[in-house]
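Here is work26.cif, consisting of mmCIF, C-alpha atoms:
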```cif
data_final
#
loop_
_atom_site.group_PDB
_atom_site.id
_atom_site.type_symbol
_atom_site.label_atom_id
_atom_site.label_comp_id
_atom_site.auth_asym_id
_atom_site.auth_seq_id
_atom_site.Cartn_x
_atom_site.Cartn_y
_atom_site.Cartn_z
ATOM 1 C CA MET A 1 196.880 165.147 91.664
ATOM 2 C CA ASN A 2 194.801 163.616 94.370
ATOM 3 C CA SER A 3 196.724 162.600 97.482
ATOM 4 C CA VAL A 4 194.082 160.109 98.668
ATOM 5 C CA ALA A 5 194.254 158.311 95.328
ATOM 6 C CA PHE A 6 198.030 158.361 95.527
ATOM 7 C CA LEU A 7 198.031 156.807 99.011
ATOM 8 C CA LEU A 8 195.561 154.108 97.958
ATOM 9 C CA ILE A 9 197.554 153.266 94.828
ATOM 10 C CA ALA A 10 200.815 153.153 96.788
ATOM 11 C CA ILE A 11 199.372 150.788 99.392
ATOM 12 C CA ILE A 12 197.856 148.461 96.750
ATOM 13 C CA THR A 13 201.048 148.403 94.679
ATOM 14 C CA LEU A 14 203.402 147.747 97.570
ATOM 15 C CA ALA A 15 201.107 145.169 99.185
ATOM 16 C CA GLY A 16 200.801 143.291 95.898
ATOM 17 C CA ALA A 17 204.540 143.413 95.310
ATOM 18 C CA LEU A 18 205.335 142.267 98.849
ATOM 19 C CA ALA A 19 202.870 139.385 98.529
ATOM 20 C CA ALA A 20 204.389 138.434 95.146
ATOM 21 C CA ALA A 21 207.851 138.379 96.683
ATOM 22 C CA THR A 22 207.077 136.492 99.882
ATOM 23 C CA LEU A 23 204.115 134.158 99.362
ATOM 24 C CA PRO A 24 205.234 130.514 99.395
ATOM 25 C CA ARG A 25 202.829 129.243 96.716
ATOM 26 C CA LEU A 26 203.856 130.164 93.198
ATOM 27 C CA ILE A 27 200.351 130.650 91.795
ATOM 28 C CA HIS A 28 199.419 133.031 94.634
ATOM 29 C CA ALA A 29 202.563 135.020 93.963
ATOM 30 C CA ALA A 30 201.724 135.263 90.243
ATOM 31 C CA LEU A 31 198.230 136.575 91.021
ATOM 32 C CA SER A 32 199.625 139.085 93.539
ATOM 33 C CA LEU A 33 201.992 140.232 90.797
ATOM 34 C CA VAL A 34 198.907 141.133 88.740
ATOM 35 C CA VAL A 35 197.680 143.316 91.627
ATOM 36 C CA ALA A 36 201.052 145.071 91.789
ATOM 37 C CA PHE A 37 201.040 145.673 88.019
ATOM 38 C CA VAL A 38 197.516 147.106 88.142
ATOM 39 C CA GLY A 39 198.730 149.448 90.892
ATOM 40 C CA VAL A 40 201.674 150.586 88.781
ATOM 41 C CA ALA A 41 199.313 151.168 85.831
ATOM 42 C CA ALA A 42 197.025 153.212 88.101
ATOM 43 C CA SER A 43 199.944 155.391 89.144
ATOM 44 C CA PHE A 44 200.734 155.942 85.454
ATOM 45 C CA PHE A 45 197.163 157.161 85.032
ATOM 46 C CA LEU A 46 197.623 159.426 88.054
ATOM 47 C CA LEU A 47 200.774 160.878 86.514
ATOM 48 C CA GLY A 48 198.947 161.727 83.297
ATOM 49 C CA ALA A 49 200.450 159.048 81.057
ATOM 50 C CA GLU A 50 197.211 157.274 80.175
ATOM 51 C CA PHE A 51 198.623 155.538 77.119
ATOM 52 C CA VAL A 52 201.483 153.953 79.052
ATOM 53 C CA GLY A 53 199.019 152.851 81.725
ATOM 54 C CA LEU A 54 196.912 151.114 79.090
ATOM 55 C CA VAL A 55 199.985 149.503 77.549
ATOM 56 C CA GLN A 56 201.033 148.346 81.020
ATOM 57 C CA VAL A 57 197.638 146.717 81.580
ATOM 58 C CA PHE A 58 197.621 145.081 78.127
ATOM 59 C CA VAL A 59 201.191 143.806 78.188
ATOM 60 C CA TYR A 60 201.714 142.909 81.834
ATOM 61 C CA VAL A 61 198.267 141.938 83.073
ATOM 62 C CA GLY A 62 197.190 140.534 79.732
ATOM 63 C CA ALA A 63 200.277 138.816 78.404
ATOM 64 C CA VAL A 64 203.081 138.452 80.947
ATOM 65 C CA ALA A 65 200.877 137.296 83.824
ATOM 66 C CA VAL A 66 199.157 134.706 81.618
ATOM 67 C CA LEU A 67 202.564 133.567 80.391
ATOM 68 C CA ILE A 68 203.765 133.124 83.984
ATOM 69 C CA VAL A 69 200.622 131.168 84.918
ATOM 70 C CA PHE A 70 201.069 128.905 81.869
ATOM 71 C CA THR A 71 204.687 128.268 82.833
ATOM 72 C CA ILE A 72 203.616 127.391 86.368
ATOM 73 C CA LEU A 73 201.079 124.931 84.991
ATOM 74 C CA LEU A 74 203.655 123.376 82.655
ATOM 75 C CA THR A 75 206.236 122.923 85.436
ATOM 76 C CA ARG A 76 203.823 121.925 88.131
ATOM 77 C CA ARG A 77 205.235 118.572 89.108
ATOM 78 C CA GLU A 78 207.639 120.142 91.520
ATOM 79 C CA VAL A 79 206.083 120.984 94.881
ATOM 80 C CA THR A 80 209.190 121.500 96.984
ATOM 81 C CA GLY A 81 208.544 123.935 99.783
ATOM 82 C CA GLU A 82 211.230 126.515 100.179
ATOM 83 C CA ARG A 83 213.077 125.875 103.365
ATOM 84 C CA GLY A 84 213.636 128.925 105.506
ATOM 85 C CA VAL A 85 214.325 132.479 104.470
ATOM 86 C CA ASN A 86 217.471 133.513 102.660
ATOM 87 C CA TRP A 87 218.566 136.311 104.978
ATOM 88 C CA GLY A 88 221.445 137.386 102.725
ATOM 89 C CA GLY A 89 219.043 138.511 100.004
ATOM 90 C CA ALA A 90 216.851 140.332 102.518
ATOM 91 C CA ILE A 91 219.854 142.176 103.964
ATOM 92 C CA VAL A 92 221.084 143.229 100.507
ATOM 93 C CA ALA A 93 217.598 144.411 99.500
ATOM 94 C CA LEU A 94 217.242 146.393 102.750
ATOM 95 C CA ALA A 95 220.676 147.951 102.266
ATOM 96 C CA VAL A 96 219.802 149.012 98.698
ATOM 97 C CA PHE A 97 216.474 150.416 99.922
ATOM 98 C CA GLY A 98 218.172 152.373 102.700
ATOM 99 C CA GLY A 99 220.879 153.726 100.423
ATOM 100 C CA LEU A 100 218.449 154.884 97.740
ATOM 101 C CA LEU A 101 216.123 156.390 100.355
ATOM 102 C CA TRP A 102 219.038 158.293 101.906
ATOM 103 C CA THR A 103 219.965 159.657 98.488
ATOM 104 C CA ILE A 104 216.377 160.713 97.755
ATOM 105 C CA PHE A 105 216.043 162.564 101.061
ATOM 106 C CA LYS A 106 219.474 164.145 100.609
ATOM 107 C CA THR A 107 218.494 165.649 97.236
ATOM 108 C CA LYS A 108 216.609 168.834 98.032
ATOM 109 C CA SER A 109 215.455 169.628 94.486
ATOM 110 C CA LEU A 110 213.159 166.587 94.367
ATOM 111 C CA ALA A 111 210.459 168.075 96.607
ATOM 112 C CA LEU A 112 208.680 169.867 93.784
ATOM 113 C CA ALA A 113 205.069 169.832 92.733
ATOM 114 C CA ALA A 114 203.912 168.793 89.279
ATOM 115 C CA PRO A 115 203.669 171.534 86.654
ATOM 116 C CA GLN A 116 200.451 172.042 84.750
ATOM 117 C CA ILE A 117 200.529 170.258 81.411
ATOM 118 C CA GLU A 118 198.200 169.813 78.524
ATOM 119 C CA PRO A 119 197.098 166.164 78.303
ATOM 120 C CA LEU A 120 199.413 163.917 76.327
ATOM 121 C CA THR A 121 197.247 162.510 73.573
ATOM 122 C CA VAL A 122 197.858 159.300 71.675
ATOM 123 C CA LYS A 123 198.125 161.422 68.531
ATOM 124 C CA ARG A 124 201.220 163.189 69.846
ATOM 125 C CA ILE A 125 202.798 159.895 70.918
ATOM 126 C CA GLY A 126 202.093 158.433 67.478
ATOM 127 C CA GLU A 127 203.590 161.472 65.755
ATOM 128 C CA ALA A 128 206.741 161.217 67.856
ATOM 129 C CA LEU A 129 206.991 157.466 67.166
ATOM 130 C CA MET A 130 206.669 158.045 63.431
ATOM 131 C CA THR A 131 209.117 160.965 63.200
ATOM 132 C CA ASN A 132 211.931 161.124 65.756
ATOM 133 C CA TYR A 133 211.654 157.574 67.078
ATOM 134 C CA VAL A 134 211.233 155.599 63.873
ATOM 135 C CA TRP A 135 214.543 153.759 64.202
ATOM 136 C CA PRO A 136 214.002 152.660 67.831
ATOM 137 C CA LEU A 137 210.498 151.521 66.852
ATOM 138 C CA GLN A 138 211.832 149.339 64.023
ATOM 139 C CA CYS A 139 214.564 147.942 66.283
ATOM 140 C CA ILE A 140 211.976 147.068 68.935
ATOM 141 C CA GLY A 141 209.947 145.251 66.298
ATOM 142 C CA LEU A 142 213.018 143.283 65.279
ATOM 143 C CA VAL A 143 213.891 142.475 68.914
ATOM 144 C CA LEU A 144 210.355 141.257 69.640
ATOM 145 C CA THR A 145 210.312 139.044 66.525
ATOM 146 C CA ALA A 146 213.707 137.598 67.384
ATOM 147 C CA ALA A 147 212.638 136.993 70.986
ATOM 148 C CA LEU A 148 209.476 135.177 69.919
ATOM 149 C CA ILE A 149 211.350 132.967 67.413
ATOM 150 C CA GLY A 150 214.042 132.333 70.041
ATOM 151 C CA ALA A 151 211.467 131.325 72.635
ATOM 152 C CA LEU A 152 209.826 128.932 70.168
ATOM 153 C CA VAL A 153 213.180 127.373 69.243
ATOM 154 C CA LEU A 154 214.132 126.986 72.897
ATOM 155 C CA VAL A 155 210.930 125.179 73.766
ATOM 156 C CA MET A 156 210.720 123.033 70.616
ATOM 157 C CA GLU A 157 214.283 121.740 70.405
ATOM 158 C CA GLU A 158 214.035 119.563 73.482
ATOM 159 C CA LYS A 159 210.992 117.810 72.063
ATOM 160 C CA ARG A 160 212.865 116.779 68.931
ATOM 161 C CA GLU A 161 215.585 115.138 71.013
ATOM 162 C CA GLU A 162 213.104 113.128 73.026
ATOM 163 C CA ARG A 163 211.625 111.443 69.962
ATOM 164 C CA MET B 1 199.124 168.279 99.976
ATOM 165 C CA THR B 2 199.633 166.968 96.467
ATOM 166 C CA PRO B 3 202.126 164.170 95.852
ATOM 167 C CA THR B 4 205.602 165.412 95.035
ATOM 168 C CA LEU B 5 208.280 163.782 92.932
ATOM 169 C CA GLN B 6 209.927 162.582 96.129
ATOM 170 C CA LEU B 7 206.924 160.437 97.067
ATOM 171 C CA PHE B 8 206.839 158.738 93.667
ATOM 172 C CA LEU B 9 210.563 158.043 93.899
ATOM 173 C CA ILE B 10 210.085 156.518 97.359
ATOM 174 C CA ILE B 11 207.338 154.240 96.030
ATOM 175 C CA SER B 12 209.470 153.107 93.105
ATOM 176 C CA THR B 13 212.466 152.576 95.411
ATOM 177 C CA ALA B 14 210.334 150.336 97.613
ATOM 178 C CA LEU B 15 209.081 148.446 94.551
ATOM 179 C CA PHE B 16 212.636 147.982 93.299
ATOM 180 C CA SER B 17 213.829 146.703 96.685
ATOM 181 C CA ILE B 18 210.951 144.228 96.895
ATOM 182 C CA GLY B 19 211.840 142.978 93.421
ATOM 183 C CA LEU B 20 215.487 142.663 94.458
ATOM 184 C CA LEU B 21 214.388 140.736 97.550
ATOM 185 C CA ALA B 22 212.381 138.328 95.396
ATOM 186 C CA ALA B 23 215.212 137.897 92.899
ATOM 187 C CA LEU B 24 217.877 137.291 95.543
ATOM 188 C CA SER B 25 216.146 135.287 98.238
ATOM 189 C CA ARG B 26 213.931 132.834 96.330
ATOM 190 C CA ARG B 27 215.194 129.577 94.878
ATOM 191 C CA HIS B 28 212.471 128.986 92.315
ATOM 192 C CA ALA B 29 213.371 130.291 88.843
ATOM 193 C CA ILE B 30 209.904 131.753 88.204
ATOM 194 C CA PHE B 31 210.133 133.770 91.438
ATOM 195 C CA ILE B 32 213.380 135.263 90.191
ATOM 196 C CA LEU B 33 211.645 136.287 86.950
ATOM 197 C CA ILE B 34 208.811 137.829 88.989
ATOM 198 C CA GLY B 35 211.389 139.853 90.921
ATOM 199 C CA ILE B 36 212.981 141.077 87.687
ATOM 200 C CA GLU B 37 209.571 142.126 86.368
ATOM 201 C CA LEU B 38 208.925 144.095 89.574
ATOM 202 C CA MET B 39 212.271 145.876 89.225
ATOM 203 C CA LEU B 40 211.478 146.768 85.594
ATOM 204 C CA ALA B 41 208.082 148.137 86.647
ATOM 205 C CA ALA B 42 209.841 150.300 89.256
ATOM 206 C CA ALA B 43 212.185 151.653 86.583
ATOM 207 C CA ASN B 44 209.218 152.491 84.336
ATOM 208 C CA LEU B 45 207.544 154.304 87.233
ATOM 209 C CA ASN B 46 210.721 156.373 87.645
ATOM 210 C CA PHE B 47 210.772 157.271 83.933
ATOM 211 C CA ILE B 48 207.139 158.421 83.978
ATOM 212 C CA ALA B 49 207.535 160.344 87.254
ATOM 213 C CA PHE B 50 210.622 162.202 86.038
ATOM 214 C CA TRP B 51 208.842 163.001 82.770
ATOM 215 C CA ARG B 52 205.785 164.384 84.592
ATOM 216 C CA PHE B 53 207.800 166.551 86.969
ATOM 217 C CA SER B 54 210.381 167.716 84.454
ATOM 218 C CA PRO B 55 210.444 171.378 83.400
ATOM 219 C CA GLU B 56 209.554 170.361 79.831
ATOM 220 C CA PRO B 57 206.714 167.824 79.991
ATOM 221 C CA HIS B 58 205.603 168.823 76.489
ATOM 222 C CA GLN B 59 208.236 166.548 74.983
ATOM 223 C CA PRO B 60 206.961 162.955 75.353
ATOM 224 C CA THR B 61 210.479 161.539 75.776
ATOM 225 C CA GLY B 62 209.927 159.797 79.117
ATOM 226 C CA VAL B 63 206.691 158.227 77.918
ATOM 227 C CA LEU B 64 208.382 156.823 74.816
ATOM 228 C CA VAL B 65 211.290 155.414 76.831
ATOM 229 C CA ALA B 66 208.779 153.719 79.126
ATOM 230 C CA ILE B 67 206.931 152.209 76.139
ATOM 231 C CA PHE B 68 210.176 150.824 74.695
ATOM 232 C CA SER B 69 211.139 149.509 78.118
ATOM 233 C CA ILE B 70 207.800 147.682 78.420
ATOM 234 C CA ALA B 71 208.390 146.072 75.000
ATOM 235 C CA ILE B 72 211.877 144.932 76.034
ATOM 236 C CA ALA B 73 210.435 143.554 79.289
ATOM 237 C CA ALA B 74 207.856 141.547 77.343
ATOM 238 C CA ALA B 75 210.585 140.013 75.169
ATOM 239 C CA GLU B 76 212.642 139.254 78.271
ATOM 240 C CA ALA B 77 209.701 137.532 79.963
ATOM 241 C CA ALA B 78 208.986 135.381 76.898
ATOM 242 C CA VAL B 79 212.581 134.211 76.544
ATOM 243 C CA GLY B 80 213.043 133.746 80.302
ATOM 244 C CA LEU B 81 209.940 131.608 80.680
ATOM 245 C CA ALA B 82 210.901 129.542 77.617
ATOM 246 C CA LEU B 83 214.268 128.945 79.281
ATOM 247 C CA VAL B 84 212.510 127.838 82.477
ATOM 248 C CA ILE B 85 210.399 125.346 80.501
ATOM 249 C CA ALA B 86 213.453 124.028 78.626
ATOM 250 C CA ILE B 87 215.388 123.619 81.886
ATOM 251 C CA TYR B 88 212.430 121.872 83.487
ATOM 252 C CA ARG B 89 212.200 119.391 80.597
ATOM 253 C CA HIS B 90 215.871 118.629 80.888
ATOM 254 C CA TYR B 91 216.465 118.502 84.646
ATOM 255 C CA HIS B 92 212.878 118.023 85.953
ATOM 256 C CA THR B 93 213.398 120.835 88.448
ATOM 257 C CA THR B 94 213.162 124.621 88.437
ATOM 258 C CA SER B 95 215.084 125.227 91.646
ATOM 259 C CA VAL B 96 218.129 127.283 90.766
ATOM 260 C CA ASP B 97 220.114 125.714 93.627
ATOM 261 C CA LYS B 98 220.086 122.357 91.832
ATOM 262 C CA LEU B 99 221.178 123.717 88.476
ATOM 263 C CA ASP B 100 224.919 123.580 89.077
ATOM 264 C CA GLN B 101 226.183 121.686 86.037
ATOM 265 C CA LEU B 102 228.026 123.241 83.127
ATOM 266 C CA LYS B 103 227.585 120.066 81.069
ATOM 267 C CA GLY B 104 224.065 119.105 79.881
#
```
Please rewrite the model in this file as structure tokens.
Amino acid sequence: MNSVAFLLIAIITLAGALAAATLPRLIHAALSLVVAFVGVAASFFLLGAEFVGLVQVFVYVGAVAVLIVFTILLTRREVTGERGVNWGGAIVALAVFGGLLWTIFKTKSLALAAPQIEPLTVKRIGEALMTNYVWPLQCIGLVLTAALIGALVLVMEEKREER
Amino acid sequence: MTPTLQLFLIISTALFSIGLLAALSRRHAIFILIGIELMLAAANLNFIAFWRFSPEPHQPTGVLVAIFSIAIAAAEAAVGLALVIAIYRHYHTTSVDKLDQLKG
């Protein structure tokens, strides 16, 4: 694994995430979120999980980001600026960060290098999905269908009442 | 120096904390959803990193858990954004501070 690539990916990911969390304009935050997701996908590629990186790009950059932008456009009438910073949330987030960091540095067995592996091909993932993970796969299909129907019902019902 | 597991965990911890910051400190509902998505991405990064550095990376368990987690996150985003649109149609606001009624 290349350490220069790792540093670059880390900086891009964290900068995108920080911009998504702190920018005042919603549309800027949504586009910074795309940068953060591309960074996460790049780190998946670096870790040798190319298929998950591709799925991350397709699902998050392709679908979720577009969904967020559409929602922003549909709820655009509100332009209230957020007044001030909520320091309580920042303190809680910093405390969680510090606690997790302390735990990571306390655990000595984490400082290990990656073992050599043969590349994980899509064929092996497909075989695992079709043999050991068939039930989770079917359940995920059911959950996605239910979520899509639920989202449609949620958005349509209000329209019927307005008529 | 090649990146160790520790470095990946630090990155995902930072990502998770930034997502928590967005979810806790913003008042706009879409910002809260963005924070939740960031936290889910951090969890996926943890799954993949632990899979890569595990003593048995020949089993694709971590990769499959990450794929299922991405699917669940997509469903969550769809339902969450539909809720935001429904709330906006009803109350004409998406600020979570103003949504304090139990009765429609």
Please determine the contact residues of chain B with respect to chain A at a cut-off of 6 Å, counting only C-alpha atoms, and supply them as a PyMOL selection string. chain B and resi 2-6+17+20-22+24-25+53+75+79+82+86
Write out as an MDAnalysis selection string which residues come within 7 Å of region 46-50 of chain B when counting all atoms listed in the file, dropping same-chain ones fewer than 5 positions away. (chainID A and resid 47) or (chainID B and resid 5 8:9 12 62:63 66)
Might you spell out which residues the PyMOL selection byres ((chain B and resi 38) around 9) would select in the displayed file, as a PDB file with C-alpha atoms, keeping the file's coordinate frame?
```
ATOM      1  CA  ALA A  17     204.540 143.413  95.310  1.00  0.00           C
ATOM      2  CA  LEU A  33     201.992 140.232  90.797  1.00  0.00           C
ATOM      3  CA  ALA A  36     201.052 145.071  91.789  1.00  0.00           C
ATOM      4  CA  PHE A  37     201.040 145.673  88.019  1.00  0.00           C
TER       5      PHE A  37
ATOM      6  CA  LEU B  15     209.081 148.446  94.551  1.00  0.00           C
ATOM      7  CA  PHE B  16     212.636 147.982  93.299  1.00  0.00           C
ATOM      8  CA  ILE B  18     210.951 144.228  96.895  1.00  0.00           C
ATOM      9  CA  GLY B  19     211.840 142.978  93.421  1.00  0.00           C
ATOM     10  CA  LEU B  20     215.487 142.663  94.458  1.00  0.00           C
ATOM     11  CA  ALA B  22     212.381 138.328  95.396  1.00  0.00           C
ATOM     12  CA  LEU B  33     211.645 136.287  86.950  1.00  0.00           C
ATOM     13  CA  ILE B  34     208.811 137.829  88.989  1.00  0.00           C
ATOM     14  CA  GLY B  35     211.389 139.853  90.921  1.00  0.00           C
ATOM     15  CA  ILE B  36     212.981 141.077  87.687  1.00  0.00           C
ATOM     16  CA  GLU B  37     209.571 142.126  86.368  1.00  0.00           C
ATOM     17  CA  MET B  39     212.271 145.876  89.225  1.00  0.00           C
ATOM     18  CA  LEU B  40     211.478 146.768  85.594  1.00  0.00           C
ATOM     19  CA  ALA B  41     208.082 148.137  86.647  1.00  0.00           C
ATOM     20  CA  ALA B  42     209.841 150.300  89.256  1.00  0.00           C
ATOM     21  CA  ALA B  43     212.185 151.653  86.583  1.00  0.00           C
TER      22      ALA B  43
END
```
Could you tell me, as number ranges by chain, exactly which residues end up selected when the PyMOL selection byres ((chain B and resi 94) around 9) is applied to this structure? A: 75, 78; B: 27-30, 84-85, 87-88, 91-93, 95-99
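Reported to one decimal place, the separation of CA of Val66 (chain A) from CA of Ala71 (chain B) is 16.1 Å.
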Please, what distance in Å, to one decimal, runs between CA of Val34 (chain A) and CA of Gly62 (chain A)? 9.2 Å
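For the residues A:Val122, A:Leu142, A:Val134, A:Ile27, ranking by smallest atom-to-atom distance to Leu73 (chain A) using all atoms listed in the file places A:Ile27 first.
Note that the spacing between CA of Thr61 (chain B) and CA of Asn132 (chain A) amounts to 10.1 Å.
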